[in-house]
Amino acid sequence: IFQNPSAPTQNPMKQQEFLREVAAELFLTQKELALRMGAPWRTFEKWLVPSESSSSREMPEIAWQLAREILAHEKLKLQHQKLKSLINR
């Protein structure tokens with residue numbers, strides 16, 4: 001899931017799978033991830049619906065990028081906390 005946030009984006013996985021994996025990796029519920037991304041829950045739900053469904057909506061590229069940025073931020077935050085704890089020993 002994690003990619004360099006400044007790299008050109010391509011979306012090899014389905015958006016439903018991507019959103020579920022992002023939520024799981026961040027230990028968030030889907031509603032919490034929607035809130036973190038600033039997406040209305042109804043919109044987020046439509047992104048989770050299988051693409052074959054008439055109620056499915058394609059997730060805009062900016063939402064893919066935002067989710068990647070959130071993951072990158074959390075990864076860096078964790079690395080920072082680990083380094084800080086090593087320094088403070």
# chains A, B, ... in the order shown; residues from 1 in each chain; ligands from 1
call {"tool": "residues_around", "arguments": {"residues": "A:Trp41", "least_positions_apart": "5", "cutoff": "8 Å", "atoms": "only C-alpha atoms", "output": "list in words"}}
result
Lys31, Ala34 and Leu35 of chain A
call {"tool": "select_by_dssp", "arguments": {"residues": "chain A", "states": "alpha helix (DSSP H)", "output": "count of residues only"}}
result
54
call {"tool": "residues_around", "arguments": {"residues": "stretch 43-55 of chain A", "least_positions_apart": "4", "cutoff": "10 Å", "atoms": "only C-alpha atoms", "output": "ChimeraX atom specification"}}
result
/A:14-20,30-31,33-35,37-39,59-60
call {"tool": "residues_around", "arguments": {"residues": "A:Leu66", "least_positions_apart": "4", "cutoff": "9 Å", "atoms": "only C-alpha atoms", "output": "compact mmCIF listing (two decimals) with N, CA, C and O atoms, in the first residue's frame"}}
result
# COMPACT_ATOMS: atom_id res chain seq x y z
N PRO A 5 4.99 9.29 -1.58
CA PRO A 5 3.89 10.22 -1.88
C PRO A 5 4.16 11.13 -3.07
O PRO A 5 3.23 11.61 -3.70
N MET A 37 -10.12 11.37 6.27
CA MET A 37 -9.92 11.85 4.90
C MET A 37 -10.82 13.05 4.58
O MET A 37 -10.68 13.66 3.51
N GLU A 61 -8.67 10.67 -7.84
CA GLU A 61 -7.22 10.49 -7.62
C GLU A 61 -6.75 11.20 -6.36
O GLU A 61 -5.89 10.70 -5.64
N ILE A 62 -7.33 12.35 -6.06
CA ILE A 62 -6.91 13.10 -4.87
C ILE A 62 -7.18 12.30 -3.59
O ILE A 62 -6.43 12.39 -2.62
N ILE A 70 -1.59 10.05 4.26
CA ILE A 70 -1.90 9.71 5.66
C ILE A 70 -1.04 8.54 6.11
O ILE A 70 -0.47 8.55 7.21
N LEU A 71 -0.94 7.51 5.27
CA LEU A 71 -0.09 6.35 5.60
C LEU A 71 1.37 6.77 5.77
O LEU A 71 2.04 6.34 6.72
call {"tool": "closest_residue", "arguments": {"among": "A:Met13, A:Leu83, A:Leu76, A:Ala67", "to": "A:Arg36", "atoms": "only C-alpha atoms"}}
result
A:Ala67
call {"tool": "atom_distance", "arguments": {"atom1": "atom CA of A:Leu26", "atom2": "atom CA of A:Lys75"}}
result
9.5 Å
